[in-house]
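Student: Structure below; questions to follow.
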Amino acid sequence: MTTSYDPTSALPPDDVLSAGLADLPPLDWTDDQPEQPAQTGRKLRLTRASDIEPEPVVWAWLDDGEGRVPAGALSVAAGREGTGKSSFGMWMAAHVTAGTLPGAFQGRPRAVFYVAVEDSWKQTIVPRLIGAGANLDLVYRVEAVEAEFGETTLSLPQDNSLMEQAIRDHDVALVVLDPLMSCIGKGIDTHRERDVRTALDPLARMADRTGCVLLGIAHFNKGAGTDPASLITGSGAFKNVPRAVFGFARDDDNECRVMTQAKNSLGRADLPSLSYNIVTAEVETKKGAAYVGRFVFTGESTRTVDQILAAGQETDKGERDEAADWLRGYLMDKGGEAPAKDVKKAAAADDITERTLQRAMRKAGVKSERAGFGQGAVWRIEALTTPTESEAVPPVTPQSRHSRQGSEAGANGATDGATGGTARLESQNVTAVEGLCTVCKTPLDPVHATTGDTTHPTCFDPLGR
């Protein structure tokens with residue numbers, strides 16, 4: 001029998017309502033109940049804090065009783081090219097393998113894994129390890145090997161499980177990743193924090209499980225900031241995930257280099273900065289002597305990396321060197337001295353800032369002196385001294401910075417390329433090169449060359465010769 005009802009009625013008849021209930025789907029309470037997760041094999045593990053035994057931080061490196069590098073964590077050493085951050089990794093490797101690093105590893109030599117992507121092991125890594133005093137029997141080169149392609153670069157997190165097992169098998173206390181960026185697996189956008197964390201977070205957990213130190217070497221970007229941690233190239237994860245971050249910079253004003261602890265999540269955040277130098281070490285090999293740089297701490301620094309970066313020493317070193325060339329040439333054209341206001345005006349016209357110019361004075365051998373009351377300062381070339389190899393500044397004619405080009409070694413440096421004679425001038429003994437002016441180093445004209453003069457009449461001789 002077919003039952004019908006009036007559709008305009010507020011409710012259908014009772015028999016129609018009861019007959020249709022069996023055919024209706026179950027009530028949907030989605031709005032009131034949480035959505036059931038898909039079955040992925042994942043589950044939550046809950047642990048009471050009272051069941052976790054607290055422990056103190058284990059420090060791999062204690063400096064004067066204060067912790068700098070934690071064991072079981074990721075740390076990063078960052079700086080610009082040539083500041084010595086890789087040499088710091090060598091320093092740590094040497095002390096760990098010798099058992100002389102103050103801290104948890106002291107007294108028991110431990111193994112070190114070294115992942116070096118950019119440098120030659122024969123010509124660079126091994127000689128530098130020897131120069132640092134490392135036990136080579138405890139340092140291992142780490143490479144990934146594929147059945148199809150052979151040796152290849154370590155890729156994280158793809159190779160994490162292999163690395164962790166090797167760390168346990170060889171009782172490794174330190175893993176150096178130089179540079180850290182090159183060990184990040186393909187397909188990971190190193191400028192996206194979420195992507196980078198997929199590589200660094202598992203790496204940090206691996207360090208925690210094994211108790212070893214993971215030291216990543218990183219470069220600064222070209223930004224103008226002063227916080228070393230924020231200048232690390234790549235995403236913010238490179239400063240957020242590590243428990244310790246060290247910044248390295250050159251302090252040209254004090255003729256040294258500086259290491260500042262920019263981050264210390266597990267210890268004191270106000271640890272003093274340390275000064276260091278890279279000294280030359282001679283290493284004997286079967287094919288002759290090799291000369292390498294050796295990292296040597298020299299004490300506490302009065303300046304921090306932040307202050308050095310704020311002063312612009314790291315960003316305009318090249319500009320300072322160019323400004324020194326310009327300044328020396330300008331003053332020589334003016335007879336060896338000129339009013340400071342004129343020098344600054346001429347420099348500004350050539351796109352050299354006053355700050356860069358002032359920092360170039362020392363390198364150019366220029367002093368500022370008062371000409372007299374109310375007359376302003378005079379900038380004067382003090383003396384032509386024998387420069388060190390790294391500070392040699394050949395006198396050149398001032399020219400536009402936009403057209404200035406570097407010259408080849410030997411053409412106008414410590415040794416004159418044309419005559420083969422010495423072109424450096426000592427403060428107490430000017431060495432004259434036949435046919436060349438002892439001040440500007442350019443050829444004398446025939447008249448003055450035959451009269452025995454050693455300078456052009458318009459050149460200022462600071463030694464009065």
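Chain identifiers are assigned as A, B, and so on, following the order in which chains appear in the structure tokens; residues are numbered from 1 within each chain, and ligands are numbered from 1 in order of appearance.
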Give me the residues within 9 Å of region 211-221 of chain A as a tab-separated table (two decimals) with C-alpha atoms, in the first residue's frame, counting only C-alpha atoms and dropping any in the same chain fewer than 4 places off.

Tutor:
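Heads up, here's the output in around_25.tsv:
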chain	number	residue	atom	x	y	z
A	58	VAL	CA	77.84	17.90	28.95
A	60	ALA	CA	82.83	19.19	24.91
A	69	VAL	CA	80.63	23.82	22.69
A	70	PRO	CA	78.04	21.34	24.01
A	71	ALA	CA	78.40	17.62	23.40
A	72	GLY	CA	75.41	15.93	21.83
A	73	ALA	CA	74.37	19.01	19.87
A	74	LEU	CA	74.81	20.85	16.60
A	75	SER	CA	77.08	23.91	16.59
A	76	VAL	CA	77.92	26.27	13.73
A	77	ALA	CA	81.08	28.30	13.01
A	78	ALA	CA	80.34	31.10	10.55
A	79	GLY	CA	82.26	33.94	8.95
A	80	ARG	CA	83.40	35.43	5.70
A	81	GLU	CA	85.99	33.84	3.44
A	85	LYS	CA	86.53	29.21	10.62
A	86	SER	CA	87.73	26.03	8.89
A	89	GLY	CA	87.48	23.01	12.93
A	167	ILE	CA	79.67	7.26	14.79
A	171	ASP	CA	83.48	6.02	19.11
A	172	VAL	CA	83.40	9.39	17.35
A	173	ALA	CA	83.34	12.56	19.47
A	174	LEU	CA	83.36	15.20	16.71
A	175	VAL	CA	81.92	15.42	13.20
A	176	VAL	CA	82.99	18.43	11.12
A	177	LEU	CA	80.81	19.32	8.13
A	178	ASP	CA	82.78	21.75	5.96
A	179	PRO	CA	80.76	23.42	4.63
A	180	LEU	CA	77.45	22.47	6.21
A	181	MET	CA	75.45	23.82	3.26
A	203	LEU	CA	70.85	15.86	12.56
A	204	ALA	CA	70.44	17.51	15.96
A	206	MET	CA	71.34	12.21	16.02
A	207	ALA	CA	73.89	14.29	17.92
A	228	PRO	CA	76.83	36.91	13.18
A	229	ALA	CA	74.05	34.36	13.62
A	230	SER	CA	71.67	36.31	11.40
A	231	LEU	CA	74.30	36.66	8.66
A	232	ILE	CA	74.61	32.91	8.04
A	233	THR	CA	73.78	32.18	4.41
A	234	GLY	CA	70.44	30.42	3.97
A	238	PHE	CA	70.86	27.59	10.30

Student: Name the residues in contact with Trp61 (chain A) at a cut-off of 10 Å, using only C-alpha atoms, excluding same-chain residues fewer than 5 positions from it; report them as a ChimeraX atom specification.

Tutor: /A:66-71,92,95-96,100-106,213

Student: Considering only C-alpha atoms, can you say which of A:Ala224, A:Tyr140, A:Arg370, A:Thr83 comes closest to Phe246 (chain A)?

Tutor: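 Ranked by minimum distance to Phe246 (chain A), first place goes to A:Thr83.
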
Student: Compile the contact shell of Thr280 (chain A) as a short mmCIF file (atom, residue, chain, number, x, y, z; two decimals) with N, CA and C atoms, in the first residue's frame: residues with an atom at most 12 Å away, counting only C-alpha atoms, same-chain residues fewer than 4 positions apart removed.

Tutor:
data_model
loop_
_atom_site.label_atom_id
_atom_site.label_comp_id
_atom_site.auth_asym_id
_atom_site.auth_seq_id
_atom_site.Cartn_x
_atom_site.Cartn_y
_atom_site.Cartn_z
N SER A 87 89.84 26.57 9.94
CA SER A 87 91.01 26.31 10.78
C SER A 87 90.58 26.03 12.22
N PRO A 127 97.69 18.13 5.31
CA PRO A 127 98.75 19.01 5.81
C PRO A 127 98.28 19.94 6.93
N ARG A 128 97.06 20.45 6.83
CA ARG A 128 96.57 21.35 7.88
C ARG A 128 96.30 20.59 9.17
N GLY A 131 99.66 20.17 10.70
CA GLY A 131 100.08 21.44 11.27
C GLY A 131 99.37 21.75 12.57
N ALA A 132 98.11 21.31 12.70
CA ALA A 132 97.35 21.56 13.92
C ALA A 132 97.72 20.60 15.03
N ALA A 290 105.36 21.64 2.91
CA ALA A 290 104.08 22.31 2.65
C ALA A 290 103.87 23.33 3.75
N TYR A 291 103.36 24.48 3.38
CA TYR A 291 103.14 25.55 4.35
C TYR A 291 101.64 25.78 4.52
N VAL A 292 101.19 25.67 5.75
CA VAL A 292 99.76 25.74 6.03
C VAL A 292 99.50 26.73 7.16
N GLY A 293 98.23 27.12 7.29
CA GLY A 293 97.84 27.99 8.39
C GLY A 293 97.46 27.18 9.62
N ARG A 294 97.85 27.67 10.78
CA ARG A 294 97.56 26.99 12.05
C ARG A 294 96.82 27.96 12.97
N PHE A 295 95.70 27.51 13.50
CA PHE A 295 94.83 28.33 14.36
C PHE A 295 95.43 28.40 15.76
N VAL A 296 95.64 29.64 16.26
CA VAL A 296 96.24 29.83 17.59
C VAL A 296 95.46 30.92 18.33
#

Student: Extract, using only C-alpha atoms, all DNA, RNA and protein residues at most 9 Å from region 361-364 of chain A, discarding same-chain residues fewer than 3 positions from it, and format them as an mmCIF file with N, CA and C atoms, in the first residue's frame.

Tutor:
data_model
loop_
_atom_site.group_PDB
_atom_site.id
_atom_site.type_symbol
_atom_site.label_atom_id
_atom_site.label_comp_id
_atom_site.auth_asym_id
_atom_site.auth_seq_id
_atom_site.Cartn_x
_atom_site.Cartn_y
_atom_site.Cartn_z
ATOM 1 N N ARG A 320 88.805 49.533 1.227
ATOM 2 C CA ARG A 320 89.858 50.196 2.000
ATOM 3 C C ARG A 320 91.188 50.102 1.283
ATOM 4 N N ASP A 321 91.489 48.910 0.730
ATOM 5 C CA ASP A 321 92.752 48.740 0.023
ATOM 6 C C ASP A 321 92.817 49.648 -1.206
ATOM 7 N N ALA A 323 91.163 52.422 -1.551
ATOM 8 C CA ALA A 323 91.257 53.798 -1.061
ATOM 9 C C ALA A 323 92.685 54.132 -0.648
ATOM 10 N N ALA A 324 93.409 53.154 -0.089
ATOM 11 C CA ALA A 324 94.814 53.383 0.290
ATOM 12 C C ALA A 324 95.656 53.672 -0.944
ATOM 13 N N ASP A 325 95.430 52.918 -2.015
ATOM 14 C CA ASP A 325 96.131 53.186 -3.274
ATOM 15 C C ASP A 325 95.827 54.604 -3.763
ATOM 16 N N TRP A 326 94.540 54.925 -3.737
ATOM 17 C CA TRP A 326 94.110 56.242 -4.229
ATOM 18 C C TRP A 326 94.746 57.360 -3.399
ATOM 19 N N LEU A 327 94.694 57.219 -2.075
ATOM 20 C CA LEU A 327 95.197 58.263 -1.183
ATOM 21 C C LEU A 327 96.691 58.479 -1.367
ATOM 22 N N ARG A 328 97.428 57.424 -1.466
ATOM 23 C CA ARG A 328 98.881 57.547 -1.633
ATOM 24 C C ARG A 328 99.209 58.237 -2.953
ATOM 25 N N THR A 356 85.784 55.218 4.897
ATOM 26 C CA THR A 356 86.718 54.323 4.221
ATOM 27 C C THR A 356 88.070 54.996 4.029
ATOM 28 N N LEU A 357 88.043 56.269 3.717
ATOM 29 C CA LEU A 357 89.287 57.019 3.516
ATOM 30 C C LEU A 357 90.097 57.078 4.798
ATOM 31 N N GLN A 358 89.436 57.344 5.929
ATOM 32 C CA GLN A 358 90.140 57.427 7.203
ATOM 33 C C GLN A 358 90.730 56.085 7.606
ATOM 34 N N LYS A 367 99.628 60.368 7.803
ATOM 35 C CA LYS A 367 99.321 60.936 9.111
ATOM 36 C C LYS A 367 98.602 62.268 8.940
ATOM 37 N N SER A 368 97.781 62.576 9.916
ATOM 38 C CA SER A 368 97.086 63.862 9.933
ATOM 39 C C SER A 368 97.745 64.774 10.955
ATOM 40 N N TRP A 379 97.094 66.280 5.659
ATOM 41 C CA TRP A 379 97.420 64.860 5.559
ATOM 42 C C TRP A 379 98.739 64.727 4.830
ATOM 43 N N ILE A 381 102.228 62.079 3.873
ATOM 44 C CA ILE A 381 102.879 60.768 3.846
ATOM 45 C C ILE A 381 104.075 60.836 4.776
ATOM 46 N N GLU A 391 100.687 43.789 3.159
ATOM 47 C CA GLU A 391 100.318 45.189 3.242
ATOM 48 C C GLU A 391 100.989 46.050 2.183
ATOM 49 N N ALA A 392 101.721 45.429 1.270
ATOM 50 C CA ALA A 392 102.426 46.213 0.272
ATOM 51 C C ALA A 392 101.444 47.002 -0.574
ATOM 52 N N VAL A 393 101.635 48.322 -0.621
ATOM 53 C CA VAL A 393 100.757 49.184 -1.413
ATOM 54 C C VAL A 393 101.614 49.948 -2.392
#

Student: From the DSSP assignment of the backbone, select every residue of region 47-183 of chain A that is strand (DSSP E), and format the answer as a ChimeraX atom specification.

Tutor: /A:59-63,66-70,73-79,111-116,139-141,144-146,150-152,172-178

Student: For Pro272 (chain A), find every residue with an atom within 8 Å (counting only C-alpha atoms), except residues of its own chain fewer than 6 positions away, and show them as a PyMOL selection string.

Tutor: chain A and resi 260-261+300-301

Student: Given only C-alpha atoms as the basis, pick out the residue of A:Leu266, A:Lys122, A:Ala144, A:Ala310 nearest to Leu162 (chain A).

Tutor: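 Nearest to Leu162 (chain A): A:Ala144.
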
Student: Choose the residue, out of A:Thr190, A:Thr124, A:Thr226, A:Ser50, that has the smallest atom-to-atom separation from Val283 (chain A); count only C-alpha atoms.

Tutor: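 That would be A:Thr124, the residue with the smallest distance to Val283 (chain A).
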
Student: Would you work out the distance separating CA of Lys341 (chain A) from CA of Arg355 (chain A), expressed in Å to one decimal?

Tutor: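 It comes out at 13.7 Å.
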